[in-house]
Amino acid sequence: MTDENRNAPRVKTVRVDRDVNAAPRERAAELRQEWTRRGTLVINVLSSPGAGKTSLLEATARHWQGRHTMQVLVGDLETDRDAQRLAPWAPSVQLTTGGACHLALPLVEQGLRELPDEECEFLFIENVGNLVCPASHDLGEHLRVLLLSTTEGDDKPGKYPKAFRTSQMLVISKTDLLPYVPFSVEAACADARLIQPGLECVAVCARTGDGVADWCEALVRRRGQMLAEGAADAARP
Amino acid sequence: MHETSIVRRLIAMVADQADRSGEGRVSVVRVEVGALSGVEPMLVQLAYDQLVPGSRLDGSRLEMELVPLRARCENCGVFEVPQFRFACPKCSHPKTVVVSGEEFRLVSFDQVSDVVTMPGEVQK
């Protein structure tokens with residue numbers, strides 16, 4: 001051995017080959033299984049700010065009153081305004097991210113501990129208003145719903161591919177404004193389906209109640225599917 | 001910008017593995033960033049440069065390989081997804097399966113041992 005390489009640093013390459021998001025994804029999958037076992041359909045609601053997430057959840061709770069049980073975790077950067085709005089209708093816990101642009105699992109799990117431990121068929125997680133960052137975070141939901149209001153423009157799906165690609169349902173909101181805005185429900189749904197071909201589309205107006213029954217029925221049907229799949233999984237040896 | 005929290009996780013993963021494999025410092029970290037990973041390479045680099053100083057990975061360099069978004073059509077095989085339009089460009093089949101481009105994967109890292117050899121010691 002020469003003196004030259006005697007003191008040379010040794011470099012070794014350590015292979016890892018693991019997705020950086022693998023750990024939170026595994027935790028989300030565990031939570032999802034637990035919700036399935038309990039019979040609770042978990043719905044992660046995404047939209048830009050002001051698209052009407054809270055209004056839709058208020059309308060949903062009104063529509064279901066006395067027939068179905070629901071709880072809400074609602075995320076915002078600051079204030080508990082949304083939880084206060086929802087509180088008369090359903091047990092609700094406000095999650096304040098303190099500036100973070102999305103909900104992450106630890107905050108959601110903290111919120112879950114604050115919700116009453118009672119039967120619940122539907123748990124809504126109202127995400128922070130943002131079509132970018134929330135798309136990358138699996139919160140253990142069974143169903144990701146993207147809310148797009150008619151005032152935002154029907155060309156949005158192509159601009160936010162990850163959010164649309166990872167959603168299973170698109171809700172077009174504020175349909176009462178359709179006569180006043182250049183928005184085509186068909187064009188928005190068609191654009192979204194280029195990104196996510198199987199996307200289910202529903203049009204609602206939370207203010208007038210138009211379409212709310214369709215939306216609620218779609219959720220009941222999804223919960224039925226979740227229960228059937230859960231039972232099939234449980235029956236597997 | 002959620003890249004900061006994701007890069008923090010990357011750094012923790014590398015630090016943990018590096019501690020387990022020895023005392024040497026980390027010189028290079030290699031990741032694959034998919035086109036639909038949900039993280040922006042430029043912001044990943046920015047977050048890395050901000051978070052690494054003073055950490056277990058101090059002095060290391062990040063190497064990113066960009067992974068294009070590819071999907072498989074059951075009729076026509078694998079194709080590169082143009083403009084996030086997932087239907088098969090050949091036969092227009094709507095249901096295709098993504099095969100790459102959604103990952104943000106820690107592939108490997110280099111660890112350096114600054115070896116000081118005592119006179120007479122035989123180095124392997």
# chains A, B, ... in the order shown; residues from 1 in each chain; ligands from 1

call {"tool": "select_by_dssp", "arguments": {"residues": "region 7-122 of chain B", "states": "alpha helix (DSSP H)", "output": "compact mmCIF listing (two decimals) with N, CA and C atoms, in the first residue's frame"}}
result
# COMPACT_ATOMS: atom_id res chain seq x y z
N VAL B 7 -38.61 17.00 3.06
CA VAL B 7 -37.15 16.93 3.06
C VAL B 7 -36.63 16.66 4.47
N ARG B 8 -37.34 17.17 5.47
CA ARG B 8 -36.96 16.91 6.86
C ARG B 8 -37.03 15.39 7.12
N ARG B 9 -38.06 14.76 6.55
CA ARG B 9 -38.20 13.31 6.70
C ARG B 9 -37.08 12.57 5.98
N LEU B 10 -36.73 13.07 4.79
CA LEU B 10 -35.62 12.48 4.02
C LEU B 10 -34.33 12.53 4.84
N ILE B 11 -34.06 13.69 5.42
CA ILE B 11 -32.84 13.88 6.19
C ILE B 11 -32.82 12.93 7.40
N ALA B 12 -33.97 12.79 8.06
CA ALA B 12 -34.07 11.89 9.22
C ALA B 12 -33.82 10.44 8.80
N MET B 13 -34.35 10.07 7.63
CA MET B 13 -34.16 8.69 7.13
C MET B 13 -32.69 8.41 6.88
N VAL B 14 -32.01 9.35 6.22
CA VAL B 14 -30.59 9.17 5.90
C VAL B 14 -29.77 9.15 7.19
N ALA B 15 -30.07 10.08 8.10
CA ALA B 15 -29.31 10.17 9.35
C ALA B 15 -29.42 8.86 10.14
N ASP B 16 -30.62 8.32 10.17
CA ASP B 16 -30.88 7.08 10.90
C ASP B 16 -30.06 5.92 10.31
N GLN B 17 -30.13 5.81 8.99
CA GLN B 17 -29.39 4.73 8.30
C GLN B 17 -27.89 4.92 8.44
N ALA B 18 -27.44 6.18 8.36
CA ALA B 18 -26.01 6.48 8.44
C ALA B 18 -25.48 6.11 9.83
N ASP B 19 -26.27 6.43 10.86
CA ASP B 19 -25.86 6.10 12.23
C ASP B 19 -25.70 4.59 12.40
N ARG B 20 -26.61 3.86 11.75
CA ARG B 20 -26.57 2.40 11.89
C ARG B 20 -25.39 1.78 11.13
N SER B 21 -24.93 2.49 10.08
CA SER B 21 -23.89 1.86 9.28
C SER B 21 -22.49 2.38 9.61
N PRO B 41 -38.72 19.75 -7.64
CA PRO B 41 -37.28 19.57 -7.45
C PRO B 41 -36.55 20.82 -6.96
N MET B 42 -36.89 21.96 -7.52
CA MET B 42 -36.20 23.19 -7.12
C MET B 42 -36.43 23.50 -5.64
N LEU B 43 -37.67 23.26 -5.18
CA LEU B 43 -38.00 23.54 -3.78
C LEU B 43 -37.39 22.48 -2.86
N VAL B 44 -37.25 21.26 -3.37
CA VAL B 44 -36.59 20.20 -2.60
C VAL B 44 -35.13 20.60 -2.35
N GLN B 45 -34.48 21.07 -3.42
CA GLN B 45 -33.07 21.50 -3.30
C GLN B 45 -32.94 22.65 -2.31
N LEU B 46 -33.86 23.60 -2.42
CA LEU B 46 -33.83 24.77 -1.53
C LEU B 46 -33.98 24.34 -0.08
N ALA B 47 -34.95 23.46 0.17
CA ALA B 47 -35.19 22.98 1.53
C ALA B 47 -33.97 22.20 2.04
N TYR B 48 -33.38 21.40 1.16
CA TYR B 48 -32.20 20.60 1.54
C TYR B 48 -31.06 21.53 1.97
N ASP B 49 -30.80 22.54 1.14
CA ASP B 49 -29.71 23.47 1.43
C ASP B 49 -29.94 24.22 2.74
N GLN B 50 -31.20 24.44 3.09
CA GLN B 50 -31.50 25.16 4.33
C GLN B 50 -31.42 24.26 5.55
N LEU B 51 -31.82 22.99 5.38
CA LEU B 51 -31.97 22.11 6.54
C LEU B 51 -30.70 21.32 6.89

call {"tool": "interface_residues", "arguments": {"of": "chain A", "to": "chain B", "cutoff": "10 Å", "atoms": "only C-alpha atoms", "output": "PyMOL selection string"}}
result
chain A and resi 1+3+5-23+100-102+104+132-137+158-163+165+191-198

call {"tool": "atom_distance", "arguments": {"atom1": "CA of Asn44 (chain A)", "atom2": "CA of Cys216 (chain A)"}}
result
14.8 Å

call {"tool": "residues_around", "arguments": {"residues": "Gly99 (chain A)", "least_positions_apart": "5", "cutoff": "12 Å", "atoms": "only C-alpha atoms", "output": "JSON, numbers by chain"}}
result
{"A": [75, 76, 77, 78, 79, 128, 129], "B": [1, 2]}

call {"tool": "write_last_selection", "arguments": {"atoms": "all heavy atoms", "output": "PDB file, in the first residue's frame"}}
result
ATOM      1  N   GLY A  75     -59.700  21.639   9.008  1.00  0.00           N
ATOM      2  CA  GLY A  75     -58.366  22.234   9.039  1.00  0.00           C
ATOM      3  C   GLY A  75     -58.345  23.638   8.481  1.00  0.00           C
ATOM      4  O   GLY A  75     -58.981  23.928   7.474  1.00  0.00           O
ATOM      5  N   ASP A  76     -57.633  24.510   9.173  1.00  0.00           N
ATOM      6  CA  ASP A  76     -57.388  25.866   8.694  1.00  0.00           C
ATOM      7  C   ASP A  76     -56.056  26.311   9.243  1.00  0.00           C
ATOM      8  O   ASP A  76     -55.534  25.714  10.187  1.00  0.00           O
ATOM      9  CB  ASP A  76     -58.478  26.833   9.182  1.00  0.00           C
ATOM     10  CG  ASP A  76     -59.688  26.855   8.248  1.00  0.00           C
ATOM     11  OD1 ASP A  76     -59.489  27.107   7.052  1.00  0.00           O
ATOM     12  OD2 ASP A  76     -60.805  26.591   8.724  1.00  0.00           O
ATOM     13  N   LEU A  77     -55.528  27.385   8.673  1.00  0.00           N
ATOM     14  CA  LEU A  77     -54.277  27.918   9.203  1.00  0.00           C
ATOM     15  C   LEU A  77     -54.505  28.525  10.591  1.00  0.00           C
ATOM     16  O   LEU A  77     -53.712  28.341  11.501  1.00  0.00           O
ATOM     17  CB  LEU A  77     -53.702  28.981   8.252  1.00  0.00           C
ATOM     18  CG  LEU A  77     -52.806  28.434   7.138  1.00  0.00           C
ATOM     19  CD1 LEU A  77     -53.557  27.518   6.214  1.00  0.00           C
ATOM     20  CD2 LEU A  77     -52.158  29.566   6.353  1.00  0.00           C
ATOM     21  N   GLU A  78     -55.614  29.247  10.710  1.00  0.00           N
ATOM     22  CA  GLU A  78     -55.944  29.910  11.977  1.00  0.00           C
ATOM     23  C   GLU A  78     -57.464  29.957  12.177  1.00  0.00           C
ATOM     24  O   GLU A  78     -58.208  29.750  11.232  1.00  0.00           O
ATOM     25  CB  GLU A  78     -55.402  31.359  11.997  1.00  0.00           C
ATOM     26  CG  GLU A  78     -53.889  31.479  11.983  1.00  0.00           C
ATOM     27  CD  GLU A  78     -53.194  30.941  13.231  1.00  0.00           C
ATOM     28  OE1 GLU A  78     -53.883  30.695  14.251  1.00  0.00           O
ATOM     29  OE2 GLU A  78     -51.968  30.742  13.180  1.00  0.00           O
ATOM     30  N   THR A  79     -57.890  30.263  13.345  1.00  0.00           N
ATOM     31  CA  THR A  79     -59.274  30.423  13.822  1.00  0.00           C
ATOM     32  C   THR A  79     -60.057  29.104  13.890  1.00  0.00           C
ATOM     33  O   THR A  79     -59.701  28.137  13.218  1.00  0.00           O
ATOM     34  CB  THR A  79     -60.151  31.406  12.971  1.00  0.00           C
ATOM     35  OG1 THR A  79     -60.663  30.733  11.825  1.00  0.00           O
ATOM     36  CG2 THR A  79     -59.416  32.669  12.604  1.00  0.00           C
ATOM     37  N   VAL A 128     -57.197  21.968   4.497  1.00  0.00           N
ATOM     38  CA  VAL A 128     -56.885  23.382   4.320  1.00  0.00           C
ATOM     39  C   VAL A 128     -57.173  23.737   2.860  1.00  0.00           C
ATOM     40  O   VAL A 128     -56.897  22.949   1.966  1.00  0.00           O
ATOM     41  CB  VAL A 128     -55.394  23.625   4.644  1.00  0.00           C
ATOM     42  CG1 VAL A 128     -54.990  25.067   4.362  1.00  0.00           C
ATOM     43  CG2 VAL A 128     -55.083  23.252   6.082  1.00  0.00           C
ATOM     44  N   GLY A 129     -57.767  24.907   2.628  1.00  0.00           N
ATOM     45  CA  GLY A 129     -58.075  25.327   1.256  1.00  0.00           C
ATOM     46  C   GLY A 129     -56.813  25.491   0.435  1.00  0.00           C
ATOM     47  O   GLY A 129     -56.040  26.431   0.625  1.00  0.00           O
TER      48      GLY A 129
ATOM     49  N   MET B   1     -45.953  25.484   0.610  1.00  0.00           N
ATOM     50  CA  MET B   1     -44.768  24.669   0.298  1.00  0.00           C
ATOM     51  C   MET B   1     -44.600  23.585   1.345  1.00  0.00           C
ATOM     52  O   MET B   1     -44.323  23.854   2.500  1.00  0.00           O
ATOM     53  CB  MET B   1     -43.531  25.584   0.283  1.00  0.00           C
ATOM     54  CG  MET B   1     -42.247  24.825   0.063  1.00  0.00           C
ATOM     55  SD  MET B   1     -40.848  25.951  -0.054  1.00  0.00           S
ATOM     56  CE  MET B   1     -39.552  24.937   0.644  1.00  0.00           C
ATOM     57  N   HIS B   2     -44.826  22.344   0.938  1.00  0.00           N
ATOM     58  CA  HIS B   2     -44.726  21.233   1.882  1.00  0.00           C
ATOM     59  C   HIS B   2     -43.412  20.477   1.724  1.00  0.00           C
ATOM     60  O   HIS B   2     -43.169  19.499   2.401  1.00  0.00           O
ATOM     61  CB  HIS B   2     -45.910  20.284   1.698  1.00  0.00           C
ATOM     62  CG  HIS B   2     -45.963  19.676   0.338  1.00  0.00           C
ATOM     63  ND1 HIS B   2     -46.386  18.399   0.113  1.00  0.00           N
ATOM     64  CD2 HIS B   2     -45.597  20.165  -0.866  1.00  0.00           C
ATOM     65  CE1 HIS B   2     -46.291  18.129  -1.185  1.00  0.00           C
ATOM     66  NE2 HIS B   2     -45.839  19.184  -1.786  1.00  0.00           N
TER      67      HIS B   2
END

call {"tool": "residues_around", "arguments": {"residues": "Lys90 (chain B)", "least_positions_apart": "2", "cutoff": "12 Å", "atoms": "only C-alpha atoms", "output": "MDAnalysis selection string"}}
result
chainID B and resid 72:82 86:88 92:94 96

call {"tool": "select_by_dssp", "arguments": {"residues": "region 35-187 of chain A", "states": "strand (DSSP E or B)", "output": "ChimeraX atom specification"}}
result
/A:41-47,70-76,92-96,122-126,143-149,169-173

call {"tool": "atom_distance", "arguments": {"atom1": "CA of Val145 (chain A)", "atom2": "CA of Ala61 (chain A)"}}
result
16.5 Å

call {"tool": "residues_around", "arguments": {"residues": "region 48-54 of chain A", "least_positions_apart": "5", "cutoff": "12 Å", "atoms": "only C-alpha atoms", "output": "ChimeraX atom specification"}}
result
/A:43,59-61,72-77,81-87,89-90,92,94,101-102,124-135,145-153,156-157,160,163,171-175,204-207

call {"tool": "residues_around", "arguments": {"residues": "Arg32 (chain A)", "least_positions_apart": "5", "cutoff": "7 Å", "atoms": "only C-alpha atoms", "output": "list of chain:residue names"}}
result
A:Gly140, A:Glu141, A:His142

call {"tool": "atom_distance", "arguments": {"atom1": "CA of Arg70 (chain B)", "atom2": "CA of Leu46 (chain A)"}}
result
25.5 Å

call {"tool": "decode", "arguments": {"residues": "region 180-191 of chain A", "atoms": "all heavy atoms", "output": "CSV table (one decimal), in the first residue's frame"}}
result
chain,number,residue,atom,x,y,z
A,180,TYR,N,-74.5,33.2,-14.3
A,180,TYR,CA,-73.7,34.4,-14.3
A,180,TYR,C,-72.3,34.3,-14.6
A,180,TYR,O,-71.5,35.2,-14.7
A,180,TYR,CB,-73.9,35.1,-12.9
A,180,TYR,CG,-75.3,35.2,-12.4
A,180,TYR,CD1,-75.7,34.3,-11.4
A,180,TYR,CD2,-76.2,36.0,-13.0
A,180,TYR,CE1,-77.0,34.3,-11.0
A,180,TYR,CE2,-77.5,36.1,-12.6
A,180,TYR,CZ,-78.0,35.2,-11.6
A,180,TYR,OH,-79.2,35.2,-11.2
A,181,VAL,N,-71.8,33.0,-14.6
A,181,VAL,CA,-70.4,32.8,-14.8
A,181,VAL,C,-70.1,31.9,-16.0
A,181,VAL,O,-70.9,31.0,-16.3
A,181,VAL,CB,-69.7,32.2,-13.6
A,181,VAL,CG1,-69.6,33.2,-12.4
A,181,VAL,CG2,-70.4,30.9,-13.1
A,182,PRO,N,-69.0,32.1,-16.7
A,182,PRO,CA,-68.7,31.3,-17.9
A,182,PRO,C,-68.1,30.0,-17.5
A,182,PRO,O,-66.9,29.7,-17.6
A,182,PRO,CB,-67.7,32.1,-18.7
A,182,PRO,CG,-67.0,32.9,-17.6
A,182,PRO,CD,-68.0,33.2,-16.5
A,183,PHE,N,-68.9,29.1,-16.9
A,183,PHE,CA,-68.5,27.8,-16.4
A,183,PHE,C,-69.3,26.7,-17.0
A,183,PHE,O,-70.6,26.7,-16.9
A,183,PHE,CB,-68.6,27.8,-14.9
A,183,PHE,CG,-68.0,26.5,-14.2
A,183,PHE,CD1,-66.7,26.6,-13.7
A,183,PHE,CD2,-68.7,25.4,-14.1
A,183,PHE,CE1,-66.2,25.4,-13.1
A,183,PHE,CE2,-68.2,24.2,-13.5
A,183,PHE,CZ,-66.9,24.3,-13.0
A,184,SER,N,-68.7,25.7,-17.6
A,184,SER,CA,-69.4,24.5,-18.1
A,184,SER,C,-69.1,23.3,-17.2
A,184,SER,O,-68.0,22.9,-17.1
A,184,SER,CB,-69.0,24.2,-19.5
A,184,SER,OG,-69.3,22.9,-19.8
A,185,VAL,N,-70.2,22.8,-16.6
A,185,VAL,CA,-70.0,21.6,-15.7
A,185,VAL,C,-69.5,20.5,-16.5
A,185,VAL,O,-68.6,19.7,-16.1
A,185,VAL,CB,-71.4,21.2,-15.1
A,185,VAL,CG1,-71.3,19.9,-14.3
A,185,VAL,CG2,-71.9,22.3,-14.1
A,186,GLU,N,-70.0,20.3,-17.8
A,186,GLU,CA,-69.5,19.2,-18.7
A,186,GLU,C,-68.1,19.4,-19.0
A,186,GLU,O,-67.3,18.4,-18.9
A,186,GLU,CB,-70.4,19.2,-20.0
A,186,GLU,CG,-71.8,18.8,-19.8
A,186,GLU,CD,-72.7,19.9,-19.1
A,186,GLU,OE1,-72.3,21.1,-19.3
A,186,GLU,OE2,-73.6,19.6,-18.4
A,187,ALA,N,-67.6,20.6,-19.3
A,187,ALA,CA,-66.2,20.8,-19.7
A,187,ALA,C,-65.3,20.5,-18.5
A,187,ALA,O,-64.2,19.9,-18.6
A,187,ALA,CB,-66.0,22.2,-20.2
A,188,ALA,N,-65.7,21.0,-17.3
A,188,ALA,CA,-64.9,20.7,-16.1
A,188,ALA,C,-64.8,19.2,-15.8
A,188,ALA,O,-63.6,18.7,-15.6
A,188,ALA,CB,-65.5,21.4,-14.9
A,189,CYS,N,-65.9,18.5,-15.9
A,189,CYS,CA,-65.8,17.1,-15.7
A,189,CYS,C,-65.0,16.3,-16.7
A,189,CYS,O,-64.2,15.4,-16.4
A,189,CYS,CB,-67.3,16.5,-15.6
A,189,CYS,SG,-68.2,17.1,-14.2
A,190,ALA,N,-65.2,16.8,-18.0
A,190,ALA,CA,-64.4,16.1,-19.1
A,190,ALA,C,-62.9,16.4,-18.9
A,190,ALA,O,-62.1,15.4,-19.0
A,190,ALA,CB,-64.9,16.7,-20.4
A,191,ASP,N,-62.5,17.6,-18.5
A,191,ASP,CA,-61.1,17.9,-18.3
A,191,ASP,C,-60.6,17.1,-17.1
A,191,ASP,O,-59.5,16.5,-17.2
A,191,ASP,CB,-61.0,19.4,-18.0
A,191,ASP,CG,-59.5,19.9,-18.2
A,191,ASP,OD1,-58.8,19.3,-19.1
A,191,ASP,OD2,-59.1,20.8,-17.5
